[in-house]
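Okay, upload20.txt is below, compact mmCIF, C-alpha atoms:
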```
# COMPACT_ATOMS: atom_id res chain seq x y z
CA MET I 1 102.11 70.65 102.24
CA ALA I 2 103.52 74.04 101.20
CA ALA I 3 101.50 77.22 101.76
CA VAL I 4 100.69 77.51 98.04
CA GLU I 5 100.22 74.68 95.56
CA TYR I 6 99.35 74.46 91.87
CA ALA I 7 95.65 73.89 92.62
CA ASP I 8 95.53 77.23 94.43
CA ILE I 9 96.80 79.00 91.34
CA GLU I 10 94.31 77.24 89.09
CA ALA I 11 91.53 78.34 91.45
CA ALA I 12 92.84 81.90 91.37
CA ALA I 13 92.86 81.86 87.57
CA GLY I 14 89.16 81.00 87.64
CA ARG I 15 88.37 83.90 89.97
CA LEU I 16 90.43 86.39 87.96
CA ALA I 17 89.11 85.40 84.53
CA GLY I 18 87.44 88.40 82.91
CA HIS I 19 88.52 90.80 85.67
CA VAL I 20 92.23 91.21 84.85
CA LEU I 21 93.98 91.11 81.49
CA ASP I 22 95.64 88.02 80.09
CA THR I 23 98.48 90.27 78.99
CA PRO I 24 100.59 89.62 75.87
CA CYS I 25 103.73 87.53 76.18
CA VAL I 26 105.69 88.07 72.98
CA GLU I 27 109.24 87.91 71.72
CA SER I 28 111.41 91.00 71.52
CA ARG I 29 113.61 90.15 68.57
CA THR I 30 115.69 93.31 68.80
CA ILE I 31 116.52 92.90 72.48
CA GLY I 32 117.20 89.23 71.84
CA GLN I 33 119.66 90.06 69.04
CA ILE I 34 121.47 92.52 71.31
CA LEU I 35 121.76 89.99 74.15
CA GLY I 36 122.30 86.81 72.15
CA ALA I 37 119.18 85.07 73.50
CA GLN I 38 115.50 84.75 72.72
CA VAL I 39 113.74 87.20 75.00
CA PHE I 40 109.99 87.07 75.66
CA LEU I 41 108.25 89.91 77.48
CA LYS I 42 105.11 89.54 79.59
CA PHE I 43 103.46 92.98 79.50
CA GLU I 44 101.93 93.24 82.96
CA ASN I 45 102.40 97.01 82.72
CA LEU I 46 99.31 96.91 80.48
CA GLN I 47 96.99 95.95 83.35
CA PHE I 48 94.39 98.58 84.26
CA THR I 49 96.45 99.65 87.29
CA ALA I 50 99.67 99.21 85.25
CA SER I 51 100.93 96.41 87.50
CA PHE I 52 100.61 92.68 88.15
CA LYS I 53 99.69 93.44 91.75
CA GLU I 54 95.98 93.59 91.08
CA ARG I 55 95.97 89.83 90.43
CA GLY I 56 96.89 88.92 94.00
CA ALA I 57 94.83 91.74 95.45
CA LEU I 58 91.68 90.62 93.65
CA ASN I 59 92.15 86.98 94.58
CA LYS I 60 92.44 87.95 98.26
CA LEU I 61 89.53 90.40 98.17
CA CYS I 62 87.23 87.82 96.60
CA ALA I 63 87.85 85.55 99.60
CA LEU I 64 87.25 88.42 102.04
CA VAL I 65 83.96 89.34 100.38
CA GLN I 66 82.78 85.76 100.84
CA GLN I 67 83.63 86.14 104.54
CA GLY I 68 81.49 89.27 104.82
CA VAL I 69 84.33 91.72 105.45
CA ALA I 70 83.34 95.39 105.05
CA GLY I 71 86.74 97.03 104.76
CA VAL I 72 90.45 96.42 104.22
CA VAL I 73 93.76 98.14 104.89
CA ALA I 74 97.00 97.66 103.00
CA ALA I 75 100.56 98.97 102.98
CA SER I 76 102.25 99.57 99.67
CA ALA I 77 104.74 101.71 97.77
CA GLY I 78 102.09 102.06 95.12
CA ASN I 79 101.21 99.10 92.93
CA HIS I 80 99.63 96.85 95.55
CA ALA I 81 97.84 99.97 96.78
CA GLN I 82 96.27 100.59 93.40
CA GLY I 83 95.33 96.94 92.96
CA VAL I 84 93.61 96.80 96.35
CA ALA I 85 91.94 100.20 95.89
CA HIS I 86 90.65 99.46 92.39
CA HIS I 87 89.13 96.09 93.16
CA ALA I 88 87.87 97.13 96.60
CA GLN I 89 85.97 99.91 94.85
CA ARG I 90 84.55 97.40 92.34
CA LEU I 91 83.51 95.03 95.14
CA GLY I 92 82.06 97.74 97.40
CA LEU I 93 84.70 97.50 100.13
CA ARG I 94 86.21 100.38 102.10
CA ALA I 95 89.97 100.60 101.50
CA VAL I 96 92.61 102.39 103.58
CA ILE I 97 96.11 102.43 102.07
CA VAL I 98 99.28 103.35 103.99
CA MET I 99 102.10 104.47 101.71
CA PRO I 100 105.68 105.59 102.50
CA VAL I 101 105.98 109.37 102.44
CA HIS I 102 108.31 109.37 99.43
CA THR I 103 106.06 107.24 97.21
CA PRO I 104 105.96 108.76 93.69
CA THR I 105 103.11 111.22 93.35
CA VAL I 106 101.69 109.42 90.33
CA LYS I 107 101.08 106.31 92.47
CA VAL I 108 99.56 108.27 95.37
CA GLU I 109 97.15 110.15 93.13
CA ARG I 110 96.13 107.05 91.20
CA THR I 111 95.39 105.27 94.49
CA ARG I 112 93.22 108.15 95.68
CA GLY I 113 91.54 108.14 92.28
CA PHE I 114 90.27 104.63 92.97
CA GLY I 115 88.44 105.90 96.04
CA ALA I 116 90.87 104.72 98.70
CA GLU I 117 91.75 106.65 101.85
CA VAL I 118 95.52 107.26 101.61
CA VAL I 119 97.72 107.63 104.69
CA LEU I 120 101.33 108.70 104.08
CA HIS I 121 103.56 107.32 106.82
CA GLY I 122 107.19 106.28 107.24
CA GLU I 123 110.31 106.36 105.14
CA THR I 124 110.14 102.71 104.08
CA PHE I 125 107.61 100.03 103.24
CA ASP I 126 108.28 98.33 106.58
CA GLU I 127 107.33 101.46 108.51
CA ALA I 128 104.19 101.85 106.38
CA ARG I 129 103.28 98.20 107.01
CA ASP I 130 103.60 98.62 110.78
CA ARG I 131 101.24 101.60 110.68
CA ALA I 132 98.79 99.67 108.50
CA LEU I 133 98.70 96.87 111.07
CA GLU I 134 97.95 99.44 113.77
CA ILE I 135 95.07 100.85 111.71
CA ALA I 136 93.75 97.34 111.10
CA ALA I 137 93.56 96.76 114.84
CA GLU I 138 92.17 100.22 115.63
CA GLN I 139 89.45 100.22 112.98
CA ARG I 140 88.78 96.49 112.72
CA LEU I 141 89.83 96.27 109.10
CA GLU I 142 91.31 93.22 107.38
CA PHE I 143 94.98 93.64 106.49
CA VAL I 144 95.80 92.67 102.90
CA HIS I 145 99.49 91.82 102.79
CA PRO I 146 101.26 92.78 99.54
CA PHE I 147 103.16 89.50 99.25
CA ASP I 148 103.21 87.21 102.30
CA ASP I 149 99.73 85.77 101.90
CA PRO I 150 98.82 82.48 100.16
CA LEU I 151 95.89 83.99 98.26
CA VAL I 152 97.97 86.94 97.08
CA ILE I 153 100.78 84.61 95.99
CA ALA I 154 98.33 82.36 94.15
CA GLY I 155 96.92 85.36 92.29
CA GLN I 156 100.37 86.41 91.13
CA GLY I 157 101.08 82.84 90.05
CA THR I 158 98.47 83.08 87.31
CA ILE I 159 101.12 84.97 85.32
CA GLY I 160 103.15 81.77 85.12
CA LEU I 161 100.20 79.83 83.69
CA GLU I 162 99.68 82.48 81.02
CA MET I 163 103.37 82.64 80.07
CA LEU I 164 103.64 78.91 79.52
CA ARG I 165 100.41 78.85 77.57
CA ALA I 166 101.65 81.65 75.28
CA GLN I 167 105.28 80.49 75.02
CA PRO I 168 105.57 76.78 75.90
CA GLU I 169 109.21 76.62 74.77
CA LEU I 170 110.54 78.94 77.50
CA ASP I 171 113.49 77.45 79.37
CA THR I 172 114.39 80.34 81.72
CA LEU I 173 112.39 82.88 83.71
CA VAL I 174 113.99 85.97 85.24
CA ILE I 175 111.67 87.63 87.76
CA ALA I 176 111.93 90.72 89.97
CA VAL I 177 111.93 90.08 93.72
CA GLY I 178 110.87 92.45 96.47
CA GLY I 179 108.91 90.64 99.13
CA GLY I 180 108.78 87.60 96.86
CA GLY I 181 105.07 87.19 96.09
CA LEU I 182 105.45 87.39 92.31
CA ILE I 183 108.28 84.89 91.93
CA SER I 184 106.79 82.54 94.55
CA GLY I 185 103.52 82.33 92.67
CA ILE I 186 105.11 82.00 89.24
CA ALA I 187 107.59 79.38 90.47
CA THR I 188 104.75 77.36 92.02
CA ALA I 189 102.79 77.39 88.77
CA VAL I 190 105.76 76.65 86.54
CA ARG I 191 107.32 73.88 88.64
CA ALA I 192 104.08 71.88 88.46
CA VAL I 193 103.94 72.06 84.66
CA ARG I 194 107.57 72.43 83.58
CA PRO I 195 109.94 71.45 86.42
CA ASP I 196 112.92 71.78 84.05
CA ILE I 197 112.61 75.55 83.63
CA ARG I 198 115.35 77.57 85.30
CA ILE I 199 113.98 80.35 87.51
CA VAL I 200 116.15 83.30 88.56
CA GLY I 201 115.09 86.06 90.94
CA VAL I 202 116.43 89.60 90.71
CA GLN I 203 116.80 92.13 93.49
CA THR I 204 118.29 95.59 93.45
CA ALA I 205 121.65 95.68 95.22
CA ARG I 206 120.28 98.42 97.46
CA PHE I 207 117.56 96.15 98.87
CA PRO I 208 119.02 92.60 98.96
CA ALA I 209 116.88 91.26 101.83
CA MET I 210 115.68 88.11 100.08
CA VAL I 211 119.14 87.32 98.74
CA ASN I 212 120.53 87.64 102.26
CA ALA I 213 117.72 85.56 103.75
CA VAL I 214 117.94 82.70 101.25
CA LYS I 215 121.68 82.66 100.56
CA GLY I 216 122.89 83.62 104.02
CA THR I 217 124.83 86.60 102.69
CA GLN I 218 125.18 89.95 104.44
CA HIS I 219 124.92 92.52 101.68
CA PRO I 220 124.25 95.96 103.19
CA GLN I 221 120.88 97.58 102.66
CA GLY I 222 120.57 101.03 101.16
CA LEU I 223 118.01 103.74 101.76
CA THR I 224 116.57 104.49 98.32
CA THR I 225 116.33 102.95 94.87
CA ILE I 226 114.69 103.80 91.55
CA ALA I 227 113.03 100.37 91.85
CA GLU I 228 110.91 101.38 94.85
CA GLY I 229 108.37 98.67 93.99
CA ILE I 230 110.86 96.02 95.17
CA ALA I 231 112.41 98.08 97.98
CA VAL I 232 111.49 95.64 100.75
CA GLY I 233 113.67 95.47 103.83
CA GLN I 234 112.10 92.38 105.40
CA PRO I 235 111.17 89.42 103.17
CA GLY I 236 108.06 87.39 103.82
CA GLU I 237 108.20 84.13 105.73
CA ILE I 238 105.94 82.27 103.32
CA THR I 239 107.68 83.65 100.24
CA ARG I 240 111.14 82.97 101.64
CA ALA I 241 110.33 79.29 102.08
CA LEU I 242 108.79 79.00 98.62
CA ILE I 243 111.75 80.74 96.98
CA ALA I 244 114.26 78.55 98.79
CA GLU I 245 112.38 75.47 97.56
CA ARG I 246 111.36 76.46 94.03
CA VAL I 247 113.73 79.15 92.71
CA ASP I 248 117.12 78.19 91.27
CA ASP I 249 119.08 81.36 91.99
CA LEU I 250 118.88 84.97 93.15
CA VAL I 251 121.03 87.76 91.70
CA LEU I 252 121.59 91.46 92.36
CA VAL I 253 121.57 94.32 89.87
CA ASP I 254 122.79 97.90 90.24
CA GLU I 255 120.88 101.13 89.73
CA GLY I 256 122.68 101.77 86.44
CA ASP I 257 121.61 98.36 85.11
CA ILE I 258 117.98 99.19 85.89
CA GLU I 259 118.23 102.63 84.32
CA GLN I 260 119.68 101.13 81.14
CA ALA I 261 116.88 98.55 80.99
CA ILE I 262 114.16 101.21 81.38
CA VAL I 263 115.61 103.24 78.50
CA MET I 264 116.06 100.15 76.31
CA LEU I 265 112.45 99.06 76.77
CA LEU I 266 111.22 102.57 76.08
CA GLU I 267 113.35 103.00 72.98
CA ILE I 268 113.10 99.52 71.48
CA GLU I 269 109.73 98.21 72.62
CA LYS I 270 108.04 101.60 73.01
CA THR I 271 106.79 100.44 76.41
CA LEU I 272 107.10 102.26 79.72
CA VAL I 273 108.14 100.40 82.86
CA GLU I 274 109.09 101.44 86.35
CA GLY I 275 112.32 100.38 88.03
CA ALA I 276 110.95 97.09 89.34
CA GLY I 277 109.50 96.29 85.92
CA ALA I 278 112.94 96.60 84.36
CA ALA I 279 114.78 94.45 86.92
CA GLY I 280 114.60 91.24 84.86
CA LEU I 281 116.08 92.86 81.77
CA ALA I 282 118.69 94.56 83.97
CA ALA I 283 119.90 91.10 85.04
CA LEU I 284 120.31 90.08 81.39
CA LEU I 285 122.19 93.27 80.59
CA LYS I 286 124.52 92.74 83.54
CA GLU I 287 125.34 89.09 82.71
CA PRO I 288 124.37 88.40 79.07
CA GLU I 289 126.69 85.40 78.86
CA ARG I 290 124.65 83.64 81.53
CA TYR I 291 121.55 83.63 79.30
CA ALA I 292 123.16 83.28 75.88
CA GLY I 293 121.20 80.98 73.58
CA ARG I 294 118.37 80.49 76.05
CA LYS I 295 114.65 81.21 75.70
CA VAL I 296 114.14 83.74 78.48
CA GLY I 297 110.84 85.02 79.83
CA LEU I 298 110.73 88.40 81.58
CA VAL I 299 107.80 89.96 83.41
CA LEU I 300 107.43 93.71 82.90
CA CYS I 301 105.67 93.81 86.24
CA GLY I 302 104.80 97.51 86.50
CA GLY I 303 104.66 100.76 84.59
CA ASN I 304 103.95 103.35 87.30
CA ILE I 305 106.99 105.59 87.16
CA ASP I 306 107.20 109.21 88.25
CA PRO I 307 107.54 111.48 85.18
CA MET I 308 110.36 113.51 86.76
CA LEU I 309 112.31 110.35 87.55
CA LEU I 310 111.72 109.08 84.03
CA SER I 311 113.04 112.35 82.60
CA ALA I 312 116.21 112.04 84.66
CA ILE I 313 116.71 108.40 83.66
CA ILE I 314 116.29 109.18 79.97
CA GLY I 315 118.82 112.02 80.22
CA ARG I 316 121.36 109.82 81.99
CA GLY I 317 120.76 107.10 79.42
CA MET I 318 121.48 109.50 76.60
CA VAL I 319 124.77 110.45 78.28
CA ARG I 320 125.81 106.80 78.65
CA ALA I 321 125.00 106.17 74.99
CA GLY I 322 127.05 109.18 73.85
CA ARG I 323 123.94 110.90 72.54
CA LEU I 324 124.22 113.75 75.01
CA ALA I 325 127.71 115.09 75.70
CA ARG I 326 129.32 117.88 77.69
CA ILE I 327 132.38 119.57 76.22
CA ARG I 328 134.54 122.28 77.78
CA VAL I 329 136.16 124.71 75.32
CA GLY I 330 138.86 127.25 76.18
CA ALA I 331 139.56 130.24 73.88
CA ARG I 332 140.81 133.84 73.74
CA ASP I 333 138.10 136.21 74.97
CA THR I 334 137.60 138.17 71.75
CA PRO I 335 134.51 139.33 69.86
CA GLY I 336 133.01 136.57 67.74
CA VAL I 337 134.78 133.68 69.49
CA LEU I 338 131.50 132.07 70.61
CA ALA I 339 130.18 132.25 67.04
CA ARG I 340 133.32 130.53 65.74
CA ILE I 341 133.00 127.76 68.34
CA THR I 342 129.35 127.10 67.52
CA THR I 343 130.15 127.11 63.80
CA VAL I 344 132.72 124.35 64.28
CA VAL I 345 130.24 122.36 66.33
CA ALA I 346 127.56 122.73 63.67
CA GLN I 347 129.93 121.71 60.89
CA ALA I 348 130.80 118.60 62.92
CA GLY I 349 127.10 117.64 62.91
CA ALA I 350 126.29 118.18 66.59
CA ASN I 351 123.33 120.14 67.92
CA ILE I 352 123.76 122.52 70.85
CA ASP I 353 121.47 121.85 73.79
CA GLU I 354 122.98 124.27 76.34
CA VAL I 355 125.73 126.92 76.43
CA HIS I 356 127.46 128.22 79.57
CA HIS I 357 129.86 131.13 78.95
CA GLN I 358 132.20 131.44 81.95
CA ARG I 359 134.48 134.36 82.78
CA ALA I 360 134.55 134.92 86.53
CA PHE I 361 134.49 131.22 87.43
CA SER I 362 137.04 130.08 84.84
CA THR I 363 140.44 128.74 85.84
CA LEU I 364 141.93 130.11 82.64
CA SER I 365 143.83 133.41 82.48
CA ALA I 366 141.90 136.69 82.49
CA GLN I 367 142.30 137.07 78.72
CA ASN I 368 140.62 133.75 78.06
CA VAL I 369 137.08 132.46 78.30
CA GLU I 370 135.71 129.02 79.07
CA VAL I 371 132.65 127.81 77.21
CA GLU I 372 130.79 124.73 78.38
CA LEU I 373 128.61 123.07 75.76
CA VAL I 374 125.97 120.39 76.20
CA LEU I 375 125.54 118.76 72.80
CA GLN I 376 123.17 116.33 71.15
CA THR I 377 125.41 113.80 69.43
CA ARG I 378 125.08 110.42 67.73
CA ASN I 379 127.44 108.18 69.71
CA PRO I 380 130.79 108.25 71.57
CA ARG I 381 132.70 108.30 68.26
CA HIS I 382 130.81 111.40 67.21
CA VAL I 383 131.66 113.10 70.52
CA ALA I 384 135.34 112.43 69.88
CA ASP I 385 135.00 113.83 66.35
CA VAL I 386 133.51 117.08 67.69
CA VAL I 387 136.34 117.47 70.19
CA GLN I 388 138.90 116.80 67.46
CA ALA I 389 137.26 119.39 65.15
CA LEU I 390 137.41 122.03 67.88
CA GLN I 391 141.05 121.26 68.59
CA ALA I 392 141.87 121.42 64.88
CA ALA I 393 140.28 124.89 64.80
CA GLY I 394 142.71 126.06 67.49
CA PHE I 395 140.53 125.71 70.58
CA GLY I 396 141.33 123.84 73.73
CA ALA I 397 138.54 121.25 74.03
CA GLN I 398 137.77 118.16 76.05
CA ALA I 399 134.72 116.05 76.83
CA TYR I 400 133.99 115.43 80.48
```
Could you write out this structure as structure tokens?
Amino acid sequence: MAAVEYADIEAAAGRLAGHVLDTPCVESRTIGQILGAQVFLKFENLQFTASFKERGALNKLCALVQQGVAGVVAASAGNHAQGVAHHAQRLGLRAVIVMPVHTPTVKVERTRGFGAEVVLHGETFDEARDRALEIAAEQRLEFVHPFDDPLVIAGQGTIGLEMLRAQPELDTLVIAVGGGGLISGIATAVRAVRPDIRIVGVQTARFPAMVNAVKGTQHPQGLTTIAEGIAVGQPGEITRALIAERVDDLVLVDEGDIEQAIVMLLEIEKTLVEGAGAAGLAALLKEPERYAGRKVGLVLCGGNIDPMLLSAIIGRGMVRAGRLARIRVGARDTPGVLARITTVVAQAGANIDEVHHQRAFSTLSAQNVEVELVLQTRNPRHVADVVQALQAAGFGAQAY
């Protein structure tokens, strides 16, 4: 018998009832029209801790309480930490959380806010996990694994039950993969009810550990990713076996795909997700033809994103969409030249965001000046129109 079966997920659903949200799973018609598929979003970013992770954490903690455990320790980049801390506080358990030193501040502070003792250690999740295991032995605390634990996996699998109940016609699920707890649980639930559904796991190309483990590939591992919630260097043993048995395929997405998905969800659905929460949509954006005409379910698995990172992602998204452009203009250095340049830009319908007026650092002759403009524009066609208007007015201009 496998480590996790359908009965385990049904039992978890009973324990979780009334303590976590049965989050909405609804169709995004606009995203579906863009991608040529029916796309259904499961809003796990609406959980109290803004992540699905509290499902597995609560299921595990309930079992530990029955065993008389007084305290727990966990390692997490943030979401598992908050899930453990929140429900440990509710259940009267001491919680120590070890987090990588570069975990976004918003996740660290939220974890502390739930009453947990936070220890920042290591550059990666794996280093944080090793320290958590040391603390567990030193202080006689129970280690709550973020993904490689049958009770945690079963808790995450309750998402699959809810998705099929809300949208029984789904034929494809595309799920983010870090250590594999989420997709292992969902796949276990779904295979028992609808064995025909196609299940695809998504990893960031910078952390392809599960892809390498299951497919036997040797993709190199990076150091950082905007999807830090799935930045796992060593996949779980239990989850690896379940994925190999119950998941149809694993794919990789790039950082740019994830950034585009975050901006799309924010702009179209008015919902905020972190990098891991956007991984499923990123896979659809990367290979839309693969999902054309299908009824695809995505799990927006987390919404804990650092505000500074979000600001950078939005800015980069605006550049890719041609809604923020940088134009270099060369002109004779005479009085009023800057006013004439800005007048042309205004008449072309663009709004000036920044102006850099270069003399000493220009490569033009000493009699000329170089003006760099950052403009708010409508689309790439509009950027080209602005450049053309400047050139027609006698200025040297190019977008770059």
query = Which neighbours of stretch 266-268 of chain I fall inside 12 Å, counting only C-alpha atoms, when residues of the same chain fewer than 5 positions from it are skipped, and could you give them as a list of chain:residue names?
reply =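 Listing them by chain and then by number gives I:Ser28, I:Arg29, I:Thr30, I:Ile31, I:Gly32, I:Gln33, I:Ile34, I:Glu259, I:Gln260, I:Ala261, I:Val273, I:Glu274, I:Gly277, I:Ala278, I:Leu300, I:Gly303, I:Leu310, I:Ser311, I:Ile313, I:Ile314, I:Gly317, I:Met318.
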Could the residues in this selection be saved with C-alpha atoms as an mmCIF file, in the coordinates of the input?
```cif
data_model
loop_
_atom_site.group_PDB
_atom_site.id
_atom_site.type_symbol
_atom_site.label_atom_id
_atom_site.label_comp_id
_atom_site.auth_asym_id
_atom_site.auth_seq_id
_atom_site.Cartn_x
_atom_site.Cartn_y
_atom_site.Cartn_z
ATOM 1 C CA SER I 28 111.410 91.000 71.520
ATOM 2 C CA ARG I 29 113.610 90.150 68.570
ATOM 3 C CA THR I 30 115.690 93.310 68.800
ATOM 4 C CA ILE I 31 116.520 92.900 72.480
ATOM 5 C CA GLY I 32 117.200 89.230 71.840
ATOM 6 C CA GLN I 33 119.660 90.060 69.040
ATOM 7 C CA ILE I 34 121.470 92.520 71.310
ATOM 8 C CA GLU I 259 118.230 102.630 84.320
ATOM 9 C CA GLN I 260 119.680 101.130 81.140
ATOM 10 C CA ALA I 261 116.880 98.550 80.990
ATOM 11 C CA VAL I 273 108.140 100.400 82.860
ATOM 12 C CA GLU I 274 109.090 101.440 86.350
ATOM 13 C CA GLY I 277 109.500 96.290 85.920
ATOM 14 C CA ALA I 278 112.940 96.600 84.360
ATOM 15 C CA LEU I 300 107.430 93.710 82.900
ATOM 16 C CA GLY I 303 104.660 100.760 84.590
ATOM 17 C CA LEU I 310 111.720 109.080 84.030
ATOM 18 C CA SER I 311 113.040 112.350 82.600
ATOM 19 C CA ILE I 313 116.710 108.400 83.660
ATOM 20 C CA ILE I 314 116.290 109.180 79.970
ATOM 21 C CA GLY I 317 120.760 107.100 79.420
ATOM 22 C CA MET I 318 121.480 109.500 76.600
#
```
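Near I:Gly178, within 7 Å and counting only C-alpha atoms, sit Gln203, Ile230, Ala231 and Val232 of chain I, not including residues fewer than 5 positions from it in the same chain.
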Hey, could you make a per-residue contact list for stretch 48-72 of chain I against stretch 105-108 of chain I with 12 Å as the cut-off, showing the nearest pair of atoms and its distance in Å to one decimal, counting all atoms listed in the file, sorted by chain and number, as CSV?
```
residue,atom,partner,partner_atom,distance
I:Thr49,CA,I:Lys107,CA,9.6
I:Ala50,CA,I:Lys107,CA,10.2
I:Ser51,CA,I:Lys107,CA,11.1
```
Dump of C-alpha atoms for the selected residues, as a compact mmCIF listing (two decimals), keeping the file's coordinate frame:
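result-v6.txt written:
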```
# COMPACT_ATOMS: atom_id res chain seq x y z
CA THR I 49 96.45 99.65 87.29
CA ALA I 50 99.67 99.21 85.25
CA SER I 51 100.93 96.41 87.50
```
task = Identify, on the basis of all atoms listed in the file, every residue whose closest approach to I:Met210 does not exceed 10 Å; exclude the query and any residue fewer than 4 positions from it along the same chain; express the result as a ChimeraX atom specification.
result = /I:177-180,201-203,214-217,232-236,239-240,243-244,250-251
query = Suppose you want the space between atom CA of I:Gly68 and atom CA of I:Val84; what is it in Å?
reply = 16.6 Å
task = Could you please determine the separation between atom CA of I:Asp248 and atom CA of I:His145 in Å, to one decimal place?
result = 25.1 Å
task = Could you check which of I:Glu54, I:Glu169, I:Asp353, I:Glu123 is closest to I:Phe147, using all atoms listed in the file?
result =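 Comparing I:Glu54, I:Glu169, I:Asp353, I:Glu123 against I:Phe147, the winner is I:Glu54.
Across the model, the gap from atom CA of I:Gly302 to atom CA of I:Leu21 is 13.5 Å.
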task = Give me the residues within 12 Å of I:Ala7 as a PyMOL selection string, counting all atoms listed in the file and dropping any in the same chain fewer than 4 places off.
result = chain I and resi 2-3+11-14+150-151+154-155+157-158+161+185+188-189+192-193
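For the choices I:Val355, I:Ala74, I:Val319, I:Leu285, the atom-to-atom distance to I:Pro380 is smallest for I:Val319 when using only C-alpha atoms.
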